[in-house]
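Colleague: Below is the file run.tsv, with TSV, C-alpha atoms.
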```tsv
chain	number	residue	atom	x	y	z
A	285	MET	CA	55.91	-22.96	20.43
A	286	GLN	CA	58.64	-22.86	23.03
A	287	VAL	CA	58.52	-23.77	26.74
A	288	ASN	CA	61.13	-23.30	29.43
A	289	VAL	CA	62.06	-26.30	31.54
A	290	GLN	CA	63.66	-26.12	34.96
A	291	PHE	CA	65.25	-29.05	36.79
A	292	TRP	CA	65.33	-29.22	40.59
A	293	SER	CA	67.28	-31.17	43.21
A	294	TYR	CA	69.35	-34.03	41.78
A	295	PHE	CA	67.58	-33.73	38.44
A	296	LYS	CA	70.02	-30.85	37.82
A	297	GLU	CA	72.95	-33.28	38.21
A	298	LEU	CA	71.25	-35.93	36.07
A	299	ALA	CA	70.49	-33.40	33.32
A	300	GLY	CA	73.84	-31.66	33.65
A	301	CYS	CA	72.10	-28.27	33.71
A	302	ALA	CA	69.48	-26.35	35.69
A	303	GLU	CA	67.28	-25.34	32.77
A	304	THR	CA	66.66	-25.71	29.08
A	305	THR	CA	64.09	-24.83	26.44
A	306	ALA	CA	62.05	-27.12	24.24
A	307	ASN	CA	60.34	-26.48	20.93
A	308	LEU	CA	57.05	-28.31	20.59
A	309	GLY	CA	54.09	-28.39	18.20
A	310	GLU	CA	51.02	-26.32	19.12
A	311	GLY	CA	48.88	-27.97	21.80
A	312	ALA	CA	51.61	-30.41	22.82
A	313	THR	CA	51.07	-32.09	26.18
A	314	ILE	CA	53.49	-32.58	29.07
A	315	GLU	CA	53.71	-36.19	27.86
A	316	ALA	CA	55.16	-34.97	24.56
A	317	LEU	CA	57.56	-32.65	26.37
A	318	LEU	CA	58.81	-35.53	28.51
A	319	LYS	CA	59.51	-37.61	25.38
A	320	GLU	CA	61.60	-34.77	24.00
A	321	ILE	CA	63.38	-34.20	27.36
A	322	TYR	CA	64.20	-37.90	27.83
A	323	ALA	CA	65.64	-38.05	24.32
A	324	ARG	CA	67.99	-35.19	25.15
A	325	PHE	CA	68.65	-36.07	28.83
A	326	PRO	CA	68.47	-39.88	28.98
A	327	LYS	CA	69.67	-40.01	32.61
A	328	LEU	CA	66.34	-38.51	33.67
A	329	ALA	CA	64.29	-41.29	32.04
A	330	PRO	CA	64.67	-43.96	34.76
A	331	ALA	CA	63.06	-41.57	37.28
A	332	GLU	CA	60.04	-40.98	35.05
A	333	LYS	CA	57.47	-42.67	37.26
A	334	SER	CA	58.33	-40.66	40.37
A	335	THR	CA	58.91	-37.38	38.52
A	336	LEU	CA	56.68	-34.50	39.64
A	337	ILE	CA	55.73	-31.86	37.10
A	338	ALA	CA	54.59	-28.29	37.65
A	339	VAL	CA	53.61	-25.57	35.22
A	340	GLY	CA	54.27	-22.29	36.95
A	341	VAL	CA	53.60	-23.09	40.63
A	342	ASP	CA	50.87	-25.71	40.14
A	343	TYR	CA	51.17	-29.45	39.68
A	344	GLN	CA	49.82	-30.69	36.35
A	345	PRO	CA	49.11	-34.16	34.96
A	346	ARG	CA	50.88	-35.69	31.91
A	347	SER	CA	47.83	-34.87	29.79
A	348	TYR	CA	48.11	-31.10	30.44
A	349	LYS	CA	48.29	-29.04	27.21
A	350	LEU	CA	51.22	-26.67	27.24
A	351	ALA	CA	51.15	-23.11	25.90
A	352	ASP	CA	53.92	-21.01	24.42
A	353	GLY	CA	56.15	-19.55	27.14
A	354	ASP	CA	55.07	-21.98	29.87
A	355	GLU	CA	57.53	-22.47	32.72
A	356	VAL	CA	57.70	-26.21	33.36
A	357	SER	CA	59.48	-27.69	36.38
A	358	LEU	CA	60.60	-31.29	36.68
A	359	PHE	CA	61.67	-32.66	40.03
A	360	PRO	CA	61.96	-35.77	42.19
A	361	PRO	CA	59.67	-36.47	45.20
A	362	VAL	CA	59.73	-33.58	47.66
A	363	GLN	CA	61.33	-33.87	51.09
A	364	GLY	CA	60.35	-30.87	53.20
A	365	GLY	CA	60.49	-30.87	56.99
B	43	MET	CA	38.31	-51.28	111.63
B	44	GLN	CA	38.54	-47.62	110.76
B	45	VAL	CA	39.24	-45.95	107.41
B	46	ASN	CA	39.83	-42.30	106.62
B	47	VAL	CA	37.77	-40.74	103.86
B	48	GLN	CA	38.75	-37.61	101.95
B	49	PHE	CA	36.43	-35.62	99.69
B	50	TRP	CA	37.75	-33.61	96.73
B	51	SER	CA	36.46	-30.83	94.51
B	52	TYR	CA	32.74	-30.06	94.99
B	53	PHE	CA	32.29	-33.25	97.00
B	54	LYS	CA	33.70	-31.19	99.91
B	55	GLU	CA	30.81	-28.72	99.53
B	56	LEU	CA	28.26	-31.53	99.16
B	57	ALA	CA	29.60	-33.31	102.23
B	58	GLY	CA	30.10	-30.11	104.20
B	59	CYS	CA	33.61	-31.25	105.17
B	60	ALA	CA	36.92	-32.30	103.58
B	61	GLU	CA	37.36	-35.57	105.47
B	62	THR	CA	35.80	-37.99	107.86
B	63	THR	CA	36.37	-41.44	109.31
B	64	ALA	CA	34.21	-44.52	109.04
B	65	ASN	CA	34.03	-47.62	111.22
B	66	LEU	CA	33.42	-50.79	109.27
B	67	GLY	CA	33.41	-54.53	109.88
B	68	GLU	CA	36.55	-56.52	109.02
B	69	GLY	CA	36.87	-57.15	105.28
B	70	ALA	CA	34.29	-54.53	104.33
B	71	THR	CA	34.37	-53.43	100.69
B	72	ILE	CA	34.27	-49.96	99.17
B	73	GLU	CA	30.63	-50.74	98.36
B	74	ALA	CA	29.88	-51.05	102.10
B	75	LEU	CA	31.80	-47.85	102.83
B	76	LEU	CA	29.76	-45.96	100.22
B	77	LYS	CA	26.51	-47.17	101.85
B	78	GLU	CA	27.70	-45.79	105.16
B	79	ILE	CA	28.90	-42.51	103.60
B	80	TYR	CA	25.66	-41.93	101.68
B	81	ALA	CA	23.65	-42.48	104.87
B	82	ARG	CA	25.66	-39.76	106.61
B	83	PHE	CA	26.15	-37.44	103.58
B	84	PRO	CA	23.01	-37.89	101.48
B	85	LYS	CA	23.91	-35.04	99.10
B	86	LEU	CA	26.74	-37.22	97.74
B	87	ALA	CA	24.41	-40.07	96.77
B	88	PRO	CA	23.06	-38.63	93.47
B	89	ALA	CA	26.64	-38.47	92.11
B	90	GLU	CA	27.29	-42.14	92.94
B	91	LYS	CA	27.57	-43.39	89.34
B	92	SER	CA	30.21	-40.87	88.33
B	93	THR	CA	32.08	-40.98	91.65
B	94	LEU	CA	35.73	-42.03	91.37
B	95	ILE	CA	37.31	-43.88	94.27
B	96	ALA	CA	40.95	-44.23	95.20
B	97	VAL	CA	42.64	-46.03	98.05
B	98	GLY	CA	45.91	-44.26	98.67
B	99	VAL	CA	46.92	-43.04	95.19
B	100	ASP	CA	45.39	-45.89	93.15
B	101	TYR	CA	41.91	-46.24	91.72
B	102	GLN	CA	39.98	-49.20	93.10
B	103	PRO	CA	36.71	-50.87	92.13
B	104	ARG	CA	33.61	-51.05	94.38
B	105	SER	CA	34.48	-54.66	95.23
B	106	TYR	CA	37.88	-53.73	96.74
B	107	LYS	CA	38.31	-55.01	100.33
B	108	LEU	CA	39.38	-52.26	102.67
B	109	ALA	CA	41.93	-52.62	105.48
B	110	ASP	CA	42.23	-50.80	108.77
B	111	GLY	CA	43.80	-47.37	108.32
B	112	ASP	CA	43.12	-47.13	104.56
B	113	GLU	CA	43.01	-43.62	103.10
B	114	VAL	CA	40.02	-43.54	100.78
B	115	SER	CA	39.34	-40.63	98.42
B	116	LEU	CA	36.00	-39.88	96.80
B	117	PHE	CA	35.80	-37.38	93.97
B	118	PRO	CA	33.89	-36.35	90.86
B	119	PRO	CA	35.23	-36.84	87.31
B	120	VAL	CA	38.66	-35.27	86.89
B	121	GLN	CA	39.25	-32.19	84.74
B	122	GLY	CA	42.96	-31.66	84.29
B	123	GLY	CA	44.40	-29.65	81.46
C	1	MET	CA	62.71	-42.41	78.49
C	2	THR	CA	63.40	-39.33	80.58
C	3	ARG	CA	60.37	-38.11	82.53
C	4	SER	CA	59.69	-34.76	84.06
C	5	LEU	CA	56.53	-33.62	85.83
C	6	THR	CA	56.19	-30.18	87.38
C	7	LEU	CA	53.17	-29.05	89.36
C	8	THR	CA	53.46	-25.35	89.98
C	9	SER	CA	51.47	-22.33	91.07
C	10	SER	CA	53.76	-20.03	89.02
C	11	PRO	CA	53.08	-19.05	85.40
C	12	ILE	CA	54.35	-21.57	82.84
C	13	ASP	CA	57.25	-20.01	80.94
C	14	GLU	CA	56.98	-21.88	77.63
C	15	ALA	CA	59.84	-20.01	76.00
C	16	ALA	CA	62.19	-20.94	78.85
C	17	LEU	CA	61.05	-24.57	78.70
C	18	VAL	CA	61.70	-24.71	74.95
C	19	ARG	CA	65.14	-23.16	75.47
C	20	GLU	CA	66.01	-25.89	78.03
C	21	ARG	CA	65.23	-28.66	75.54
C	22	THR	CA	67.85	-31.33	74.95
C	23	MET	CA	67.68	-33.78	72.06
C	24	SER	CA	70.20	-36.46	71.16
C	25	CYS	CA	71.24	-36.68	67.52
C	26	GLY	CA	68.91	-39.60	66.66
C	27	MET	CA	65.85	-37.54	67.53
C	28	GLY	CA	64.00	-35.68	64.78
C	29	ALA	CA	60.70	-34.65	66.34
C	30	ALA	CA	59.49	-32.46	69.18
C	31	ALA	CA	55.71	-32.22	69.64
C	32	TYR	CA	54.22	-29.68	72.03
C	33	PHE	CA	50.87	-28.86	73.46
C	34	ALA	CA	49.88	-25.82	75.45
C	35	GLY	CA	46.41	-25.80	76.99
C	36	VAL	CA	45.24	-22.26	77.67
C	37	VAL	CA	42.35	-21.12	79.90
C	38	ARG	CA	39.40	-20.01	77.75
C	39	GLY	CA	37.14	-17.07	78.59
C	40	THR	CA	34.02	-19.22	78.94
C	41	GLU	CA	33.21	-22.36	80.94
C	42	GLY	CA	30.02	-23.91	79.64
C	43	GLU	CA	27.82	-20.86	79.00
C	44	ALA	CA	29.34	-18.53	81.59
C	45	GLU	CA	32.04	-15.94	81.13
C	46	ILE	CA	34.92	-16.43	83.51
C	47	SER	CA	38.09	-14.55	84.40
C	48	ALA	CA	40.18	-17.49	85.61
C	49	ILE	CA	40.17	-21.12	86.68
C	50	ASN	CA	41.28	-22.26	90.10
C	51	TYR	CA	42.88	-25.71	89.72
C	52	GLU	CA	42.72	-28.08	92.69
C	53	ALA	CA	44.87	-31.22	92.80
C	54	PHE	CA	45.24	-34.35	94.91
C	55	HIS	CA	48.96	-33.85	94.67
C	56	ASN	CA	50.39	-37.30	95.53
C	57	MET	CA	47.86	-39.07	93.39
C	58	VAL	CA	48.51	-36.69	90.48
C	59	GLU	CA	52.17	-37.65	90.57
C	60	HIS	CA	51.39	-41.36	90.78
C	61	GLN	CA	48.82	-41.30	87.98
C	62	PHE	CA	51.17	-39.37	85.70
C	63	ALA	CA	53.86	-41.95	86.48
C	64	LEU	CA	51.46	-44.71	85.35
C	65	ILE	CA	50.75	-42.79	82.12
C	66	PHE	CA	54.49	-42.33	81.53
C	67	ASP	CA	54.89	-46.11	81.99
C	68	GLN	CA	52.31	-46.63	79.25
C	69	LEU	CA	54.05	-44.17	76.92
C	70	GLU	CA	57.27	-46.10	77.41
C	71	ARG	CA	55.61	-49.41	76.60
C	72	ARG	CA	53.85	-48.12	73.49
C	73	TRP	CA	56.46	-45.94	71.79
C	74	THR	CA	60.19	-45.33	71.63
C	75	LEU	CA	60.51	-41.85	73.05
C	76	GLU	CA	63.52	-39.96	74.29
C	77	SER	CA	61.72	-37.81	76.83
C	78	VAL	CA	58.44	-36.46	78.11
C	79	ARG	CA	58.03	-33.22	80.02
C	80	VAL	CA	54.74	-32.14	81.57
C	81	VAL	CA	53.99	-28.95	83.47
C	82	HIS	CA	50.56	-28.46	85.06
C	83	ARG	CA	49.75	-25.24	86.78
C	84	LEU	CA	47.69	-25.30	90.00
C	85	GLY	CA	45.78	-22.57	91.82
C	86	VAL	CA	44.35	-19.58	89.98
C	87	VAL	CA	45.18	-19.40	86.24
C	88	LYS	CA	43.86	-16.37	84.36
C	89	VAL	CA	42.08	-16.54	81.01
C	90	GLY	CA	44.68	-16.59	78.24
C	91	GLU	CA	47.39	-18.19	80.38
C	92	PRO	CA	48.56	-21.79	79.88
C	93	SER	CA	47.50	-24.33	82.51
C	94	LEU	CA	49.13	-27.32	80.82
C	95	TRP	CA	52.30	-27.75	78.79
C	96	VAL	CA	53.50	-31.02	77.27
C	97	GLU	CA	56.63	-31.88	75.30
C	98	ILE	CA	57.40	-35.21	73.63
C	99	ILE	CA	60.80	-35.88	72.03
C	100	ALA	CA	60.90	-38.82	69.62
C	101	PRO	CA	62.75	-40.04	66.54
C	102	HIS	CA	59.83	-39.22	64.22
C	103	ARG	CA	56.72	-37.08	64.24
C	104	VAL	CA	54.16	-39.90	64.10
C	105	GLU	CA	55.05	-41.27	67.53
C	106	ALA	CA	55.63	-37.79	68.96
C	107	PHE	CA	52.07	-36.72	68.04
C	108	ALA	CA	50.52	-40.04	69.05
C	109	ALA	CA	52.21	-40.01	72.45
C	110	CYS	CA	51.36	-36.37	73.08
C	111	GLN	CA	47.67	-36.93	72.38
C	112	PHE	CA	47.58	-40.20	74.33
C	113	LEU	CA	49.13	-38.52	77.36
C	114	ILE	CA	46.56	-35.71	77.37
C	115	ASP	CA	43.62	-38.08	76.80
C	116	GLU	CA	44.74	-40.31	79.69
C	117	MET	CA	45.41	-37.29	81.91
C	118	LYS	CA	41.87	-36.07	81.36
C	119	ARG	CA	40.55	-39.48	82.39
C	120	TRP	CA	42.71	-40.36	85.38
C	121	VAL	CA	44.71	-37.49	86.86
C	122	PRO	CA	42.88	-36.01	89.89
C	123	ILE	CA	42.84	-32.32	89.09
C	124	TRP	CA	39.63	-30.28	89.16
C	125	LYS	CA	38.58	-26.89	87.83
C	126	ASN	CA	36.85	-24.15	89.77
C	127	PRO	CA	35.76	-21.37	87.42
C	128	VAL	CA	36.37	-17.87	88.81
C	129	LYS	CA	33.86	-15.21	87.69
D	204	MET	CA	42.27	-17.95	59.98
D	205	THR	CA	45.52	-16.00	60.22
D	206	ARG	CA	48.34	-17.48	58.14
D	207	SER	CA	52.05	-16.97	58.40
D	208	LEU	CA	54.77	-18.64	56.37
D	209	THR	CA	58.44	-17.82	56.80
D	210	LEU	CA	61.20	-19.30	54.64
D	211	THR	CA	64.51	-18.37	56.17
D	212	SER	CA	68.19	-19.22	56.07
D	213	SER	CA	68.59	-18.08	59.70
D	214	PRO	CA	68.24	-20.40	62.71
D	215	ILE	CA	64.64	-20.85	63.90
D	216	ASP	CA	64.25	-19.16	67.30
D	217	GLU	CA	61.44	-21.26	68.78
D	218	ALA	CA	61.44	-19.44	72.11
D	219	ALA	CA	60.99	-16.08	70.37
D	220	LEU	CA	58.20	-17.49	68.20
D	221	VAL	CA	56.37	-18.84	71.26
D	222	ARG	CA	56.77	-15.48	73.01
D	223	GLU	CA	55.14	-13.72	70.01
D	224	ARG	CA	52.05	-15.94	70.19
D	225	THR	CA	48.66	-14.25	70.33
D	226	MET	CA	45.45	-16.11	71.24
D	227	SER	CA	41.97	-14.66	71.56
D	228	CYS	CA	40.01	-15.64	74.66
D	229	GLY	CA	37.95	-18.35	72.93
D	230	MET	CA	41.09	-20.34	72.09
D	231	GLY	CA	42.19	-23.14	74.39
D	232	ALA	CA	44.80	-25.07	72.43
D	233	ALA	CA	48.20	-24.45	70.88
D	234	ALA	CA	49.84	-27.42	69.16
D	235	TYR	CA	53.45	-27.24	68.02
D	236	PHE	CA	55.85	-29.31	66.02
D	237	ALA	CA	59.56	-28.83	65.64
D	238	GLY	CA	61.34	-31.02	63.11
D	239	VAL	CA	65.01	-31.34	63.92
D	240	VAL	CA	67.84	-32.57	61.65
D	241	ARG	CA	68.92	-36.07	62.69
D	242	GLY	CA	72.51	-37.29	62.68
D	243	THR	CA	71.86	-40.00	60.09
D	244	GLU	CA	70.26	-39.99	56.65
D	245	GLY	CA	69.46	-43.53	55.60
D	246	GLU	CA	72.55	-45.44	56.77
D	247	ALA	CA	75.07	-42.61	56.56
D	248	GLU	CA	76.21	-40.26	59.30
D	249	ILE	CA	75.75	-36.65	58.34
D	250	SER	CA	76.66	-33.30	59.87
D	251	ALA	CA	73.93	-31.18	58.28
D	252	ILE	CA	71.25	-31.02	55.59
D	253	ASN	CA	71.27	-28.44	52.83
D	254	TYR	CA	67.63	-27.59	52.01
D	255	GLU	CA	66.82	-26.47	48.47
D	256	ALA	CA	63.47	-24.86	47.65
D	257	PHE	CA	61.49	-23.80	44.59
D	258	HIS	CA	60.58	-20.67	46.50
D	259	ASN	CA	57.50	-19.36	44.64
D	260	MET	CA	55.99	-22.79	44.38
D	261	VAL	CA	56.65	-23.48	48.08
D	262	GLU	CA	54.65	-20.37	48.97
D	263	HIS	CA	51.81	-21.31	46.63
D	264	GLN	CA	51.62	-24.92	47.78
D	265	PHE	CA	51.59	-23.88	51.44
D	266	ALA	CA	48.76	-21.44	50.60
D	267	LEU	CA	46.77	-24.34	49.12
D	268	ILE	CA	47.37	-26.39	52.28
D	269	PHE	CA	46.29	-23.45	54.45
D	270	ASP	CA	43.10	-23.24	52.35
D	271	GLN	CA	42.43	-26.88	53.15
D	272	LEU	CA	43.04	-26.35	56.88
D	273	GLU	CA	40.51	-23.52	56.80
D	274	ARG	CA	37.90	-25.70	55.08
D	275	ARG	CA	38.36	-28.65	57.43
D	276	TRP	CA	38.69	-27.06	60.86
D	277	THR	CA	37.91	-23.89	62.78
D	278	LEU	CA	41.35	-22.55	63.57
D	279	GLU	CA	42.45	-19.15	64.77
D	280	SER	CA	45.89	-19.21	63.19
D	281	VAL	CA	48.65	-21.21	61.60
D	282	ARG	CA	52.31	-20.27	61.60
D	283	VAL	CA	54.95	-22.21	59.67
D	284	VAL	CA	58.67	-21.57	59.54
D	285	HIS	CA	60.86	-23.65	57.22
D	286	ARG	CA	64.56	-23.15	57.20
D	287	LEU	CA	66.48	-23.31	53.91
D	288	GLY	CA	70.18	-23.74	53.15
D	289	VAL	CA	72.49	-25.60	55.52
D	290	VAL	CA	70.89	-26.76	58.79
D	291	LYS	CA	73.18	-28.55	61.24
D	292	VAL	CA	72.29	-31.79	63.02
D	293	GLY	CA	70.28	-30.96	66.14
D	294	GLU	CA	68.88	-27.72	64.75
D	295	PRO	CA	65.20	-27.32	63.77
D	296	SER	CA	64.43	-27.15	60.06
D	297	LEU	CA	60.65	-26.91	60.48
D	298	TRP	CA	58.43	-25.26	63.08
D	299	VAL	CA	54.63	-25.33	63.05
D	300	GLU	CA	52.07	-23.73	65.36
D	301	ILE	CA	48.29	-24.23	65.25
D	302	ILE	CA	45.96	-22.22	67.48
D	303	ALA	CA	42.46	-23.64	67.89
D	304	PRO	CA	39.58	-23.74	70.36
D	305	HIS	CA	40.33	-27.33	71.39
D	306	ARG	CA	43.20	-29.78	71.25
D	307	VAL	CA	41.59	-32.31	68.91
D	308	GLU	CA	41.46	-29.95	65.92
D	309	ALA	CA	44.82	-28.39	66.84
D	310	PHE	CA	46.56	-31.79	66.67
D	311	ALA	CA	44.62	-32.94	63.60
D	312	ALA	CA	45.43	-29.76	61.68
D	313	CYS	CA	49.09	-29.81	62.70
D	314	GLN	CA	49.54	-33.39	61.50
D	315	PHE	CA	47.56	-32.79	58.31
D	316	LEU	CA	49.69	-29.77	57.46
D	317	ILE	CA	52.94	-31.69	57.87
D	318	ASP	CA	51.66	-34.72	55.94
D	319	GLU	CA	50.54	-32.53	53.03
D	320	MET	CA	53.76	-30.53	53.12
D	321	LYS	CA	55.79	-33.72	52.77
D	322	ARG	CA	53.72	-34.67	49.74
D	323	TRP	CA	53.43	-31.39	47.85
D	324	VAL	CA	55.79	-28.63	48.96
D	325	PRO	CA	58.86	-28.53	46.66
D	326	ILE	CA	61.72	-28.59	49.13
D	327	TRP	CA	64.56	-31.10	48.85
D	328	LYS	CA	67.28	-32.35	51.16
D	329	ASN	CA	70.97	-32.59	50.39
D	330	PRO	CA	72.80	-34.42	53.17
D	331	VAL	CA	76.15	-32.86	54.12
D	332	LYS	CA	78.80	-35.32	55.34
```
Take the structure I supplied and represent it as structure tokens, if you would.
Modeller:
Amino acid sequence: MQVNVQFWSYFKELAGCAETTANLGEGATIEALLKEIYARFPKLAPAEKSTLIAVGVDYQPRSYKLADGDEVSLFPPVQGG
Amino acid sequence: MQVNVQFWSYFKELAGCAETTANLGEGATIEALLKEIYARFPKLAPAEKSTLIAVGVDYQPRSYKLADGDEVSLFPPVQGG
Amino acid sequence: MTRSLTLTSSPIDEAALVRERTMSCGMGAAAYFAGVVRGTEGEAEISAINYEAFHNMVEHQFALIFDQLERRWTLESVRVVHRLGVVKVGEPSLWVEIIAPHRVEAFAACQFLIDEMKRWVPIWKNPVK
Amino acid sequence: MTRSLTLTSSPIDEAALVRERTMSCGMGAAAYFAGVVRGTEGEAEISAINYEAFHNMVEHQFALIFDQLERRWTLESVRVVHRLGVVKVGEPSLWVEIIAPHRVEAFAACQFLIDEMKRWVPIWKNPVK
């Protein structure tokens, strides 16, 4: 299956792009996606612990099982206000 | 000595007037003044516990020693806002 | 800390007050409160409240509260407007502004000021039917 | 509870927003917060902040916060305006209004909303030198 990944804020600079796609086995979790992303974009790895992850417009935990076509967003801590 | 006493809010209605004067012995306290006031304006007496007392523009306790010419204010709980 | 207290029998023009705001460039937070006359007082329906004040003592007691604000928090300014006389239902009787570096102290100071006002500032309400 | 969220690249006109306020006659309290861009970010002097937003998710996350406000307090309305794009030092980036029967819940809800926003709403700052 394939998921779309968007980067926000300075994660765009660290990744060198605003979005990418990832091919994963059926039932892969966000955890598995992160492993794949960090292999391809190693500058994102040091921020792993503070990285926030959404699927669509909802936050999801690392254990969340992705589905084909999911829109995943990775971003640093938010700073509204 | 003589002190001036002002009533505020519904204490004016209870007293039937907005101000009065009281003659007291030298060194009399607010406590002594209240005794005198309640004898002359008995409708004020039931509100004694919640009555607030100022001399000039500062709150003072019952034990405060009055001086000749003091401006004493008696009023119910405040309700600003 | 800049202080401003206005006691007025005219309507409080909140929009004009907001437009007059000044904030230096270290300040990030402005907290406001507007207290508006409700249509009921206790059980009874009312049309207005007539506010009575012991004017000199109101000013002095607010000054003491401002002193406390200054001791407790680092604020740039406080502005308070309290309306006196007849205030119709739906109109503001109280307006407060606190300017501070951050929101936490702005909110804390704003609430402290109102709590202390309600305890110590000699203003009384007369409901108008 | 009436809800209003505006994400805008235009300056926030606080006076106009206050003038548009509506309050039913059981409401006694309006609490406001304006968050203004400060002249420093960390140690560095800045001239502005460029706000970036994940627009759809911002709207959804604010809706979830509004749901929580509704569960926790009895409020008449909440209005939030967040500015996006470049906001100069001294200009408001955030404006919040809570209308409630009494001040305690107005202040509590206003602070809760801002705290939750800073945790969950995907908006980011880019300081401009």
Colleague: In Å, how far is it from CA of Thr209 in chain D to CA of Val324 in chain D?
Modeller: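 Interatomic distance, CA of Thr209 in chain D to CA of Val324 in chain D: 13.6 Å.
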Colleague: Would you work out the distance separating CA of Trp292 in chain A from CA of Val104 in chain C, expressed in Å to one decimal?
Modeller: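 Distance reported for this atom pair: 28.1 Å.
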Colleague: Measure the distance from CA of Glu246 in chain D to CA of Ile99 in chain C in Å and round it to one decimal.
Modeller: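 Rounded to one decimal, the two atoms are 21.5 Å apart.
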Colleague: Find the residues around Ala312 in chain A up to 10 Å (only C-alpha atoms counted), leave out those fewer than 6 positions away in its own chain, and share them as a list in words.
Modeller: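 That gives Met285, Ser347, Tyr348, Lys349, Leu350, Ala351 and Asp352 of chain A.
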Colleague: Could you give me, as a PyMOL selection string, the residues that have an atom at most 8 Å away from the point (46.4, -21.5, 63.8) in the coordinates of the file, using only C-alpha atoms?
Modeller: chain D and resi 204-206+233+278-282+300-303+309
